[in-house]
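Participant: One structure follows; several queries about it will come next.
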Amino acid sequence: MFSDFKSDGFMFLVVLAVIVFVCAQSLFFMKKAWTRGKELGITTDKLKNAVTSSAIFSFAPAIGIAITVITLSVALGYVLPWIRLTVIGAIQYETTAAIAALEAAGMTGGISQAINDPEIFAAISWVMTIGSILPLILIPIILKKIQKGVSDVASKNSKWMDVMTAAAFIGLISAFIGRGLAGTGNAKEATIGDGAGILSLAALVSSIGFMLFFTLLNKKLKKNWIEALAMPLSMVLAMVIVVLINSFLPEIAAVEWRY
């Protein structure tokens, strides 16, 4: 009865409605921005260049979004991740929220297992959605105060500001590193790749290596497109490394130290 609930007609109607709304909203604000630019005396050529540059640099984030949809598709199908990432989702949040909801439901296999229970699927959907709604509510209310506090700290001690920014970023990255080094999988089903092991370590190390390479390349060549594509390319190449290990070295790929 529920075998196709993740990709039935209703789900596709929902994603179609979301996409139409987002596209209409984008076109509306693009028109408003174009009109305002003309009022400010900006030439048509400059406006066209701004639109073209924005379109080009939106390509890189789109790669990351596509990768996130593929990553979540095993567990959630294509439609729900498509809906989420069309609006406000990001791989850093969506995967973490989905895994947290799965673990709360008693499923330790992570997003490498298919979710066939409609109730668990609905719970994951709510966790992912509510978590993204909260910033939309809080930002208009407290962002100005946060910015003022940050500006005050920066004006008094810029080094301390750098430390706080770095600490917040490192804390976020540490959650993913911890999952790669010590994530727990499902010992009963023994699904390859759901716990910490060779594959998770290979993905972690290779993605870091590729990111460092593109960062150094950007510093040397000073090309903006390298900076924009560095993260999605690192993700794609790390996935290629994992696929190659799993394809050509299956015995090594199956090695995991956290079940």
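Every chain in the structure tokens has a letter given in the order shown (A, B, ...), and although residue numbers restart at 1 in each chain, ligands are simply numbered from 1 in the order shown.
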Find the spatial neighbours of Thr86 (chain A), counting only C-alpha atoms, within a cut-off of 9 Å - ignore same-chain residues fewer than 3 positions away - and output them as a list in words.

Facilitator: Val15, Val18, Ile19, Val22, Ile65, Pro81, Trp82, Ile83 and Gly89 of chain A

Participant: If you measure from CA of Glu103 (chain A) to CA of Thr68 (chain A), what distance in Å do you get, rounded to one decimal?

Facilitator: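 Separation of CA of Glu103 (chain A) and CA of Thr68 (chain A): 19.4 Å.
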
Participant: Go through A:Ser158, A:Ser234, A:Thr95, A:Ser26 one by one, measure the shortest atom-to-atom distance of each to Leu204 (chain A) using only C-alpha atoms, and give the residue with the smallest value.

Facilitator: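 For Leu204 (chain A), the nearest of the given residues is A:Ser234.
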
Participant: Could you tell me how far CA of Pro118 (chain A) lies from CA of Phe5 (chain A), in Å and to one decimal?

Facilitator: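 Taking CA of Pro118 (chain A) and CA of Phe5 (chain A), their separation equals 7.5 Å.
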
Participant: Find, counting only C-alpha atoms, the residue in A:Ile120, A:Met128, A:Ala238, A:Ala62 that gets nearest to Thr96 (chain A).

Facilitator: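 The closest residue to Thr96 (chain A) is A:Met128.
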
Participant: List the spatial neighbours of Thr129 (chain A) as a list in words - criterion: any atom at most 10 Å away, only C-alpha atoms, same-chain residues fewer than 5 positions off excluded.

Facilitator: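 Contacts, in chain order: Arg84, Ile88, Gly89, Glu94, Ala97, Ala123, Ile124 and Leu134 of chain A.
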
Participant: Would you mind exporting the chosen residues as a PDB file, in the first residue's frame, restricted to C-alpha atoms?

Facilitator:
ATOM      1  CA  ARG A  84      13.797  20.623   0.588  1.00  0.00           C
ATOM      2  CA  ILE A  88      16.361  26.407   1.742  1.00  0.00           C
ATOM      3  CA  GLY A  89      18.196  23.133   2.281  1.00  0.00           C
ATOM      4  CA  GLU A  94      19.735  18.071   5.646  1.00  0.00           C
ATOM      5  CA  ALA A  97      18.724  16.337  10.464  1.00  0.00           C
ATOM      6  CA  ALA A 123       9.012  12.405  11.106  1.00  0.00           C
ATOM      7  CA  ILE A 124      12.193  13.016   9.081  1.00  0.00           C
ATOM      8  CA  LEU A 134      13.304  28.469  12.845  1.00  0.00           C
TER       9      LEU A 134
END

Participant: With only C-alpha atoms counted and 12 Å as the cut-off, give the residues of region 203-253 of chain A in contact with region 164-183 of chain A, each with its shortest interatomic distance in Å and the pair that gives it, as a Markdown table.

Facilitator:
| residue | atom | partner | partner_atom | distance |
| --- | --- | --- | --- | --- |
| A:Ala203 | CA | A:Gly180 | CA | 8.1 |
| A:Leu204 | CA | A:Gly180 | CA | 6.6 |
| A:Val205 | CA | A:Gly180 | CA | 9.6 |
| A:Ser207 | CA | A:Ile177 | CA | 11.2 |
| A:Ile208 | CA | A:Ile177 | CA | 10.5 |

Participant: Please produce a file of the residues just selected, as a PDB file, in the first residue's frame, where the atoms kept are C-alpha atoms.

Facilitator:
ATOM      1  CA  ALA A 203      35.655  10.158   1.718  1.00  0.00           C
ATOM      2  CA  LEU A 204      36.855  12.368   4.569  1.00  0.00           C
ATOM      3  CA  VAL A 205      40.551  12.343   3.685  1.00  0.00           C
ATOM      4  CA  SER A 207      37.601  15.547   0.218  1.00  0.00           C
ATOM      5  CA  ILE A 208      39.990  17.414   2.532  1.00  0.00           C
TER       6      ILE A 208
END

Participant: Mind checking which residues fall within 9 Å of Ile226 (chain A), counting only C-alpha atoms, ignoring those fewer than 4 positions away in the same chain, and posting them as a PyMOL selection string?

Facilitator: chain A and resi 214-215+217-218+221-222+230

Participant: Could you give me, as a Markdown table, a per-residue list for region 59-173 of chain A showing, wherever an atom lies at most 12 Å from an atom of region 6-13 of chain A, the closest pair of atoms and their distance in Å to one decimal, using only C-alpha atoms and sorting by chain then residue number from low to high?

Facilitator:
| residue | atom | partner | partner_atom | distance |
| --- | --- | --- | --- | --- |
| A:Ser73 | CA | A:Lys6 | CA | 9.9 |
| A:Val74 | CA | A:Lys6 | CA | 10.9 |
| A:Ala75 | CA | A:Lys6 | CA | 9.8 |
| A:Leu76 | CA | A:Lys6 | CA | 6.8 |
| A:Gly77 | CA | A:Lys6 | CA | 5.9 |
| A:Tyr78 | CA | A:Ser7 | CA | 7.4 |
| A:Val79 | CA | A:Ser7 | CA | 6.1 |
| A:Leu80 | CA | A:Lys6 | CA | 7.4 |
| A:Pro81 | CA | A:Lys6 | CA | 10.4 |
| A:Trp82 | CA | A:Phe12 | CA | 9.8 |
| A:Ile83 | CA | A:Met11 | CA | 9.0 |
| A:Ala114 | CA | A:Lys6 | CA | 10.5 |
| A:Ile115 | CA | A:Lys6 | CA | 9.0 |
| A:Asn116 | CA | A:Lys6 | CA | 8.6 |
| A:Asp117 | CA | A:Lys6 | CA | 10.1 |
| A:Pro118 | CA | A:Lys6 | CA | 8.5 |
| A:Glu119 | CA | A:Lys6 | CA | 11.7 |
| A:Ile120 | CA | A:Lys6 | CA | 11.7 |
| A:Phe121 | CA | A:Lys6 | CA | 8.4 |
| A:Ala122 | CA | A:Lys6 | CA | 10.0 |
| A:Ser125 | CA | A:Lys6 | CA | 11.1 |

Participant: Output N, CA and C atoms of each residue in that selection to a file, as a compact mmCIF listing (two decimals), in the first residue's frame.

Facilitator:
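Here's the written file selection-v9.txt:
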# COMPACT_ATOMS: atom_id res chain seq x y z
N SER A 73 18.76 10.30 -1.55
CA SER A 73 17.75 9.58 -2.34
C SER A 73 17.61 8.12 -1.92
N VAL A 74 18.67 7.50 -1.46
CA VAL A 74 18.59 6.10 -1.04
C VAL A 74 17.58 5.94 0.10
N ALA A 75 17.66 6.85 1.07
CA ALA A 75 16.78 6.76 2.23
C ALA A 75 15.41 7.38 1.97
N LEU A 76 15.37 8.53 1.30
CA LEU A 76 14.14 9.32 1.23
C LEU A 76 13.55 9.43 -0.16
N GLY A 77 14.18 8.81 -1.16
CA GLY A 77 13.71 9.01 -2.52
C GLY A 77 14.21 10.34 -3.06
N TYR A 78 13.83 10.66 -4.27
CA TYR A 78 14.31 11.90 -4.88
C TYR A 78 13.41 13.10 -4.59
N VAL A 79 12.13 12.86 -4.36
CA VAL A 79 11.18 13.97 -4.32
C VAL A 79 11.35 14.84 -3.08
N LEU A 80 11.39 14.24 -1.88
CA LEU A 80 11.51 15.04 -0.66
C LEU A 80 12.80 15.85 -0.63
N PRO A 81 13.98 15.25 -0.91
CA PRO A 81 15.19 16.08 -0.97
C PRO A 81 15.10 17.17 -2.02
N TRP A 82 14.45 16.88 -3.12
CA TRP A 82 14.24 17.87 -4.18
C TRP A 82 13.43 19.05 -3.66
N ILE A 83 12.36 18.75 -2.94
CA ILE A 83 11.54 19.82 -2.35
C ILE A 83 12.35 20.64 -1.36
N ALA A 114 17.06 2.37 2.96
CA ALA A 114 15.79 2.88 2.45
C ALA A 114 14.78 2.99 3.58
N ILE A 115 14.04 4.08 3.60
CA ILE A 115 12.99 4.29 4.60
C ILE A 115 11.66 3.87 3.99
N ASN A 116 11.10 2.79 4.49
CA ASN A 116 9.85 2.26 3.95
C ASN A 116 8.68 2.44 4.89
N ASP A 117 8.93 3.04 6.05
CA ASP A 117 7.88 3.30 7.03
C ASP A 117 7.37 4.73 6.85
N PRO A 118 6.11 4.92 6.48
CA PRO A 118 5.58 6.28 6.26
C PRO A 118 5.69 7.17 7.49
N GLU A 119 5.54 6.61 8.69
CA GLU A 119 5.61 7.42 9.90
C GLU A 119 7.03 7.96 10.12
N ILE A 120 8.04 7.11 9.91
CA ILE A 120 9.43 7.57 10.04
C ILE A 120 9.75 8.59 8.96
N PHE A 121 9.27 8.34 7.75
CA PHE A 121 9.47 9.28 6.65
C PHE A 121 8.87 10.64 6.99
N ALA A 122 7.66 10.63 7.53
CA ALA A 122 7.00 11.88 7.91
C ALA A 122 7.75 12.59 9.03
N SER A 125 10.73 14.28 7.60
CA SER A 125 10.29 15.46 6.86
C SER A 125 10.04 16.63 7.80

Participant: For Ile198 (chain A), which residue among A:Met239, A:Ile146, A:Ala104, A:Ala254 is the nearest when counting only C-alpha atoms?

Facilitator: A:Ala254
